[in-house]
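Written out below as structure tokens is the structure these notes cover.
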Amino acid sequence: MPARFTFTIPLLAALALGGCAGDGSGIQSQKMAAIKGRGTLNCGVDGKLPGFSFVGSDGRYSGLDVDICKATAAAVLGDPAKVTYRDLSSTERFAALGSGEVDLLSRNTTMTLSRDAPGGNALAFAPTTFFDGQAVMVPASSGIKSLKDVAGKPICVETGTSTELNLADRMRELNATYTPLKFQSGDQTFAAYLQGRCVAVTSDRSQLAAKRTGFPNPAEHLLLPDMLSKEPLNPATINADPAWADAVRWVVYSLIQAEEMGITAANIDAKLAEAKANKNLAQLRRFLGVDGDLGKQLGLPADFVVKTVKAVGNYGEVFERNVGQGSPLKLERGVNQQWLKGGLMYSPPFL
């Protein structure tokens, strides 16, 4: 009996502390209950990366990663403004997530096996929000045309990242020596590059393009054609709260599916009215929460998709506004295009 008593007390305590989503769904999520209790989503971001998460002169955050925070807050709290942003370095991010300092990490983080596995960082990754790859940037005046030309020279790299490991792997493949100059943060890494302490700097291609926009003379720096890795960038939550991870996962999918269905921030109200008026539009009615209980199954409101799209638009709008042709980065959609157009963006069915 003592053994059973010992088991029961912690279980009841966990349920009492964990609570539920609070919407009558019965979904058990300690994290969602905590977010609703405090009335704000704590979202970990970079904060210094134009296009992904950046603080403007007005003190407001913007970027693709920021929009994921806003969409999640809209789904859970009904208001995209109810986000408290925490700027985190690459070495701080996982500890902040694991300790509960942040509820969601939306900070250009590559999904890898060791970060996903229980024996590693034990993260729960949401769908990829940007398919990236590691690249190398050099001064245009250096005459360097490929990674082979960097052999024997110093390369600036941020430590504690997959970038550092990828660089070592590729240089080993090329049988080329180099001197890695390692720094704790992206700011330190790029500052060292601009000071001429290294002849090249490596990071995700999108990050190099973003940082270059802040250089005194962006045109004086070139991205080499070499692609060192594939870097799927994903939001992440802790692995110990599967209901919360599911909610975030389907918030991201809602933006991808909205683009596939041609639903935008501008026409969402018209689409909702159309769905309510026509019972034959079964897929649209389910997606927008007119029929069924898809939201309830996640511990979210029935119309959570309506709230996310109203907050930030569909995935295509998020991309173009922050990193696409409508932004200073002017990145091509490439593999981040919808699957119907040859890209990798794909949402499972909302059934």
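We name chains A, B, ... following the order of the structure tokens; residues begin at 1 in each chain, and ligands are numbered from 1 as shown.
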Produce a table with one row for each residue of range 235-336 of chain A that has an atom at most 6 Å from any atom of range 92-105 of chain A, each row naming the nearest atom pair and its distance in Å at one decimal; use only C-alpha atoms; arrange rows by chain and rising residue number; format as CSV.
```
residue,atom,partner,partner_atom,distance
A:Pro235,CA,A:Leu105,CA,5.5
A:Ala236,CA,A:Leu105,CA,5.1
A:Thr237,CA,A:Leu104,CA,5.2
```
Selection export as a PDB file, in the first residue's frame, atoms kept: C-alpha atoms:
```pdb
ATOM      1  CA  PRO A 235      10.120  26.630 -33.544  1.00  0.00           C
ATOM      2  CA  ALA A 236      10.507  24.390 -30.496  1.00  0.00           C
ATOM      3  CA  THR A 237       8.883  23.595 -27.162  1.00  0.00           C
TER       4      THR A 237
END
```
Using the chain letters and numbers from this document, which residues of range 97-153 of chain A does DSSP assign to alpha helix (DSSP H), as a ChimeraX atom specification? /A:97-99,113-116
Requested in this report: Go through A:Ile27, A:Leu174, A:Ser106, A:Glu259 and flag the residue nearest Lys341 in chain A, using only C-alpha atoms for the distances.
Outcome: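 That would be A:Glu259, the residue with the smallest distance to Lys341 in chain A.
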Hey, what's within 12 Å of Ser203 in chain A if we count only C-alpha atoms and toss same-chain stuff fewer than 3 positions away? As a ChimeraX atom specification, please?
/A:108-110,132-138,155-159,161-167,185-186,189-190,200,206-212,223-224,226-231
Would you put the residues from that selection into a file with N, CA and C atoms, as a compact mmCIF listing (two decimals), in the first residue's frame?
```txt
# COMPACT_ATOMS: atom_id res chain seq x y z
N ASN A 108 15.37 30.97 -35.09
CA ASN A 108 16.19 30.34 -36.14
C ASN A 108 17.03 29.18 -35.61
N THR A 109 16.33 28.14 -35.19
CA THR A 109 16.98 26.96 -34.61
C THR A 109 16.84 25.76 -35.55
N THR A 110 17.95 25.15 -35.90
CA THR A 110 17.93 23.99 -36.78
C THR A 110 17.47 22.75 -36.04
N ASP A 132 16.60 26.39 -44.75
CA ASP A 132 17.79 27.18 -44.98
C ASP A 132 18.97 26.26 -45.25
N GLY A 133 20.14 26.85 -45.43
CA GLY A 133 21.36 26.08 -45.61
C GLY A 133 22.54 26.94 -45.19
N GLN A 134 23.59 26.31 -44.73
CA GLN A 134 24.75 27.07 -44.26
C GLN A 134 25.59 27.55 -45.44
N ALA A 135 26.03 28.78 -45.36
CA ALA A 135 26.82 29.36 -46.43
C ALA A 135 28.01 30.12 -45.83
N VAL A 136 28.78 30.72 -46.71
CA VAL A 136 29.98 31.46 -46.29
C VAL A 136 29.99 32.81 -46.98
N MET A 137 30.33 33.85 -46.23
CA MET A 137 30.43 35.20 -46.79
C MET A 137 31.86 35.71 -46.68
N VAL A 138 32.30 36.40 -47.73
CA VAL A 138 33.67 36.93 -47.76
C VAL A 138 33.63 38.35 -48.30
N ILE A 155 38.44 31.57 -40.10
CA ILE A 155 37.01 31.70 -40.41
C ILE A 155 36.27 32.00 -39.11
N CYS A 156 35.45 33.02 -39.10
CA CYS A 156 34.67 33.38 -37.91
C CYS A 156 33.41 32.52 -37.84
N VAL A 157 33.13 31.98 -36.66
CA VAL A 157 31.97 31.11 -36.49
C VAL A 157 31.44 31.23 -35.06
N GLU A 158 30.13 31.16 -34.93
CA GLU A 158 29.52 31.20 -33.59
C GLU A 158 29.57 29.82 -32.98
N THR A 159 30.08 29.72 -31.77
CA THR A 159 30.24 28.42 -31.13
C THR A 159 28.92 27.95 -30.52
N THR A 161 26.81 25.98 -31.99
CA THR A 161 25.79 25.89 -33.04
C THR A 161 26.12 24.72 -33.96
N SER A 162 25.10 24.31 -34.74
CA SER A 162 25.36 23.29 -35.74
C SER A 162 26.28 23.84 -36.82
N THR A 163 26.31 25.15 -36.96
CA THR A 163 27.19 25.81 -37.93
C THR A 163 28.65 25.43 -37.71
N GLU A 164 29.05 25.44 -36.46
CA GLU A 164 30.44 25.12 -36.11
C GLU A 164 30.79 23.69 -36.53
N LEU A 165 29.86 22.77 -36.28
CA LEU A 165 30.11 21.37 -36.62
C LEU A 165 30.10 21.15 -38.13
N ASN A 166 29.17 21.81 -38.82
CA ASN A 166 29.10 21.67 -40.28
C ASN A 166 30.38 22.16 -40.96
N LEU A 167 30.89 23.27 -40.45
CA LEU A 167 32.12 23.83 -41.03
C LEU A 167 33.27 22.84 -40.86
N SER A 185 28.45 34.78 -29.45
CA SER A 185 27.21 35.34 -29.99
C SER A 185 27.40 35.74 -31.45
N GLY A 186 26.26 35.92 -32.13
CA GLY A 186 26.32 36.35 -33.52
C GLY A 186 26.91 37.75 -33.64
N THR A 189 30.59 37.53 -33.52
CA THR A 189 31.10 36.86 -34.72
C THR A 189 31.19 37.82 -35.89
N PHE A 190 30.10 38.55 -36.13
CA PHE A 190 30.07 39.45 -37.29
C PHE A 190 30.92 40.70 -37.05
N ALA A 200 36.60 35.14 -43.65
CA ALA A 200 35.28 34.63 -44.01
C ALA A 200 34.46 34.44 -42.73
N SER A 206 20.39 32.67 -44.88
CA SER A 206 19.44 33.74 -44.58
C SER A 206 20.02 34.71 -43.55
N GLN A 207 20.77 34.17 -42.57
CA GLN A 207 21.34 35.01 -41.54
C GLN A 207 22.45 35.89 -42.11
N LEU A 208 23.25 35.33 -43.00
CA LEU A 208 24.29 36.13 -43.64
C LEU A 208 23.67 37.27 -44.44
N ALA A 209 22.60 36.94 -45.19
CA ALA A 209 21.93 37.98 -45.98
C ALA A 209 21.32 39.04 -45.07
N ALA A 210 20.76 38.61 -43.95
CA ALA A 210 20.14 39.55 -43.02
C ALA A 210 21.18 40.45 -42.37
N LYS A 211 22.26 39.87 -41.89
CA LYS A 211 23.31 40.66 -41.25
C LYS A 211 23.94 41.64 -42.23
N ARG A 212 24.08 41.21 -43.47
CA ARG A 212 24.71 42.06 -44.49
C ARG A 212 23.94 43.36 -44.69
N LEU A 223 28.25 36.28 -50.94
CA LEU A 223 27.97 34.93 -50.47
C LEU A 223 28.57 33.95 -51.46
N LEU A 224 29.41 33.03 -50.97
CA LEU A 224 29.98 32.02 -51.84
C LEU A 224 28.90 31.03 -52.27
N ASP A 226 29.00 27.86 -52.29
CA ASP A 226 29.02 26.59 -51.53
C ASP A 226 27.85 26.55 -50.54
N MET A 227 27.18 25.41 -50.49
CA MET A 227 26.15 25.17 -49.47
C MET A 227 26.66 24.04 -48.57
N LEU A 228 26.94 24.35 -47.32
CA LEU A 228 27.59 23.39 -46.42
C LEU A 228 26.62 22.41 -45.78
N SER A 229 25.34 22.73 -45.77
CA SER A 229 24.43 21.87 -45.02
C SER A 229 22.99 22.18 -45.41
N LYS A 230 22.08 21.36 -44.92
CA LYS A 230 20.66 21.71 -44.96
C LYS A 230 20.27 22.13 -43.54
N GLU A 231 19.57 23.22 -43.43
CA GLU A 231 19.24 23.79 -42.12
C GLU A 231 17.75 24.07 -42.02
```
If you count only C-alpha atoms, the residue of A:Phe54, A:Tyr346, A:Tyr315, A:Phe287 closest to Asp303 in chain A turns out to be A:Phe287
Which of range 33-182 of chain A fall in strand (DSSP E), as a ChimeraX atom specification:
/A:41-45,48-49,53-55,61-62,83-87,104-105,123-125,130-132,134-139,154-158,179-182
Between CA of Asn239 in chain A and CA of Ser29 in chain A, measure the distance and give it in Å to one decimal.
->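 According to the coordinates, CA of Asn239 in chain A and CA of Ser29 in chain A are separated by 11.8 Å.
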| All residues 10 Å or closer to Pro127 in chain A, only C-alpha atoms, same chain fewer than 5 positions away omitted, as JSON, numbers by chain | {"A": [111, 232, 233, 234, 235, 236, 248, 249, 250, 251, 252, 253, 256, 345, 346, 347]}
Same residues, all heavy atoms, saved as a compact mmCIF listing (two decimals), in the first residue's frame:
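And here's again_13.txt as it stands now:
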```
# COMPACT_ATOMS: atom_id res chain seq x y z
N MET A 111 16.54 22.04 -36.63
CA MET A 111 16.10 20.77 -36.05
C MET A 111 17.14 19.69 -36.36
O MET A 111 17.48 19.47 -37.52
CB MET A 111 14.74 20.35 -36.61
CG MET A 111 14.24 19.02 -36.03
SD MET A 111 12.55 18.62 -36.48
CE MET A 111 12.71 18.34 -38.24
N PRO A 232 16.96 23.07 -41.66
CA PRO A 232 15.54 23.33 -41.44
C PRO A 232 15.35 24.08 -40.12
O PRO A 232 15.71 23.56 -39.06
CB PRO A 232 14.93 21.92 -41.39
CG PRO A 232 16.05 21.05 -40.92
CD PRO A 232 17.31 21.66 -41.46
N LEU A 233 14.84 25.28 -40.18
CA LEU A 233 14.66 26.10 -38.98
C LEU A 233 13.24 25.94 -38.44
O LEU A 233 12.26 26.16 -39.16
CB LEU A 233 14.95 27.57 -39.31
CG LEU A 233 16.30 27.84 -39.96
CD1 LEU A 233 16.49 29.34 -40.17
CD2 LEU A 233 17.45 27.28 -39.12
N ASN A 234 13.17 25.55 -37.18
CA ASN A 234 11.87 25.19 -36.60
C ASN A 234 11.67 25.86 -35.24
O ASN A 234 12.59 25.93 -34.45
CB ASN A 234 11.77 23.68 -36.37
CG ASN A 234 11.93 22.86 -37.62
OD1 ASN A 234 12.81 23.13 -38.43
ND2 ASN A 234 11.10 21.87 -37.79
N PRO A 235 10.44 26.27 -34.93
CA PRO A 235 10.12 26.63 -33.54
C PRO A 235 10.20 25.37 -32.69
O PRO A 235 10.10 24.25 -33.19
CB PRO A 235 8.68 27.14 -33.63
CG PRO A 235 8.44 27.42 -35.07
CD PRO A 235 9.30 26.46 -35.82
N ALA A 236 10.38 25.56 -31.37
CA ALA A 236 10.51 24.39 -30.50
C ALA A 236 9.88 24.65 -29.14
O ALA A 236 9.82 25.78 -28.66
CB ALA A 236 11.99 24.02 -30.31
N VAL A 248 1.18 24.19 -30.79
CA VAL A 248 2.11 25.02 -31.56
C VAL A 248 2.29 24.44 -32.97
O VAL A 248 2.31 25.18 -33.97
CB VAL A 248 3.47 25.13 -30.84
CG1 VAL A 248 4.48 25.86 -31.72
CG2 VAL A 248 3.30 25.84 -29.50
N ARG A 249 2.39 23.12 -33.04
CA ARG A 249 2.59 22.45 -34.34
C ARG A 249 1.47 22.81 -35.31
O ARG A 249 1.71 23.19 -36.46
CB ARG A 249 2.65 20.94 -34.11
CG ARG A 249 2.90 20.12 -35.37
CD ARG A 249 3.09 18.65 -35.02
NE ARG A 249 4.25 18.44 -34.16
CZ ARG A 249 4.19 17.98 -32.91
NH1 ARG A 249 3.04 17.64 -32.38
NH2 ARG A 249 5.29 17.85 -32.20
N TRP A 250 0.23 22.76 -34.82
CA TRP A 250 -0.90 23.00 -35.73
C TRP A 250 -1.17 24.49 -35.96
O TRP A 250 -1.84 24.85 -36.92
CB TRP A 250 -2.13 22.24 -35.25
CG TRP A 250 -1.95 20.78 -35.54
CD1 TRP A 250 -1.44 19.82 -34.71
CD2 TRP A 250 -2.21 20.12 -36.79
NE1 TRP A 250 -1.37 18.61 -35.36
CE2 TRP A 250 -1.84 18.76 -36.63
CE3 TRP A 250 -2.70 20.54 -38.01
CZ2 TRP A 250 -1.96 17.83 -37.66
CZ3 TRP A 250 -2.83 19.61 -39.05
CH2 TRP A 250 -2.47 18.27 -38.86
N VAL A 251 -0.66 25.33 -35.10
CA VAL A 251 -0.70 26.77 -35.40
C VAL A 251 0.15 27.04 -36.64
O VAL A 251 -0.26 27.75 -37.56
CB VAL A 251 -0.19 27.59 -34.20
CG1 VAL A 251 0.16 29.02 -34.62
CG2 VAL A 251 -1.25 27.63 -33.10
N VAL A 252 1.35 26.45 -36.68
CA VAL A 252 2.22 26.63 -37.85
C VAL A 252 1.57 26.02 -39.08
O VAL A 252 1.54 26.64 -40.17
CB VAL A 252 3.61 26.01 -37.60
CG1 VAL A 252 4.47 26.10 -38.85
CG2 VAL A 252 4.30 26.71 -36.43
N TYR A 253 1.03 24.83 -38.93
CA TYR A 253 0.37 24.20 -40.09
C TYR A 253 -0.81 25.05 -40.58
O TYR A 253 -1.12 25.07 -41.78
CB TYR A 253 -0.14 22.81 -39.70
CG TYR A 253 0.92 21.73 -39.73
CD1 TYR A 253 0.96 20.74 -38.74
CD2 TYR A 253 1.87 21.67 -40.75
CE1 TYR A 253 1.91 19.74 -38.76
CE2 TYR A 253 2.84 20.68 -40.76
CZ TYR A 253 2.85 19.70 -39.78
OH TYR A 253 3.80 18.71 -39.81
N ILE A 256 0.40 27.48 -43.12
CA ILE A 256 0.77 26.83 -44.39
C ILE A 256 -0.47 26.40 -45.16
O ILE A 256 -0.59 26.60 -46.37
CB ILE A 256 1.69 25.62 -44.10
CG1 ILE A 256 2.98 26.08 -43.42
CG2 ILE A 256 1.99 24.85 -45.37
CD1 ILE A 256 3.85 24.95 -42.89
N MET A 345 6.92 23.29 -48.52
CA MET A 345 5.91 23.68 -47.53
C MET A 345 4.63 22.86 -47.73
O MET A 345 3.98 22.95 -48.77
CB MET A 345 5.61 25.18 -47.66
CG MET A 345 6.67 26.04 -47.02
SD MET A 345 6.75 25.72 -45.24
CE MET A 345 8.35 26.43 -44.84
N TYR A 346 4.30 22.11 -46.71
CA TYR A 346 3.23 21.12 -46.84
C TYR A 346 2.56 20.95 -45.48
O TYR A 346 3.24 20.78 -44.46
CB TYR A 346 3.85 19.80 -47.28
CG TYR A 346 2.91 18.65 -47.53
CD1 TYR A 346 2.49 18.34 -48.82
CD2 TYR A 346 2.46 17.84 -46.48
CE1 TYR A 346 1.65 17.26 -49.06
CE2 TYR A 346 1.62 16.76 -46.71
CZ TYR A 346 1.21 16.47 -48.01
OH TYR A 346 0.39 15.41 -48.25
N SER A 347 1.26 21.02 -45.46
CA SER A 347 0.53 20.77 -44.21
C SER A 347 -0.25 19.47 -44.31
O SER A 347 -0.89 19.20 -45.34
CB SER A 347 -0.45 21.91 -43.94
OG SER A 347 -1.34 21.56 -42.88
```
Students should find that CA of Val318 in chain A and CA of Glu274 in chain A are spaced 24.0 Å
Taking only C-alpha atoms into account, name the residue in A:Phe350, A:Phe304, A:Phe319, A:Tyr61 that is nearest to Ala74 in chain A.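 Smallest separation from Ala74 in chain A among the options: A:Phe304.
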For Asn267 in chain A, the closest of A:Leu255, A:Cys43, A:Val306, A:Leu113 counting only C-alpha atoms is A:Val306
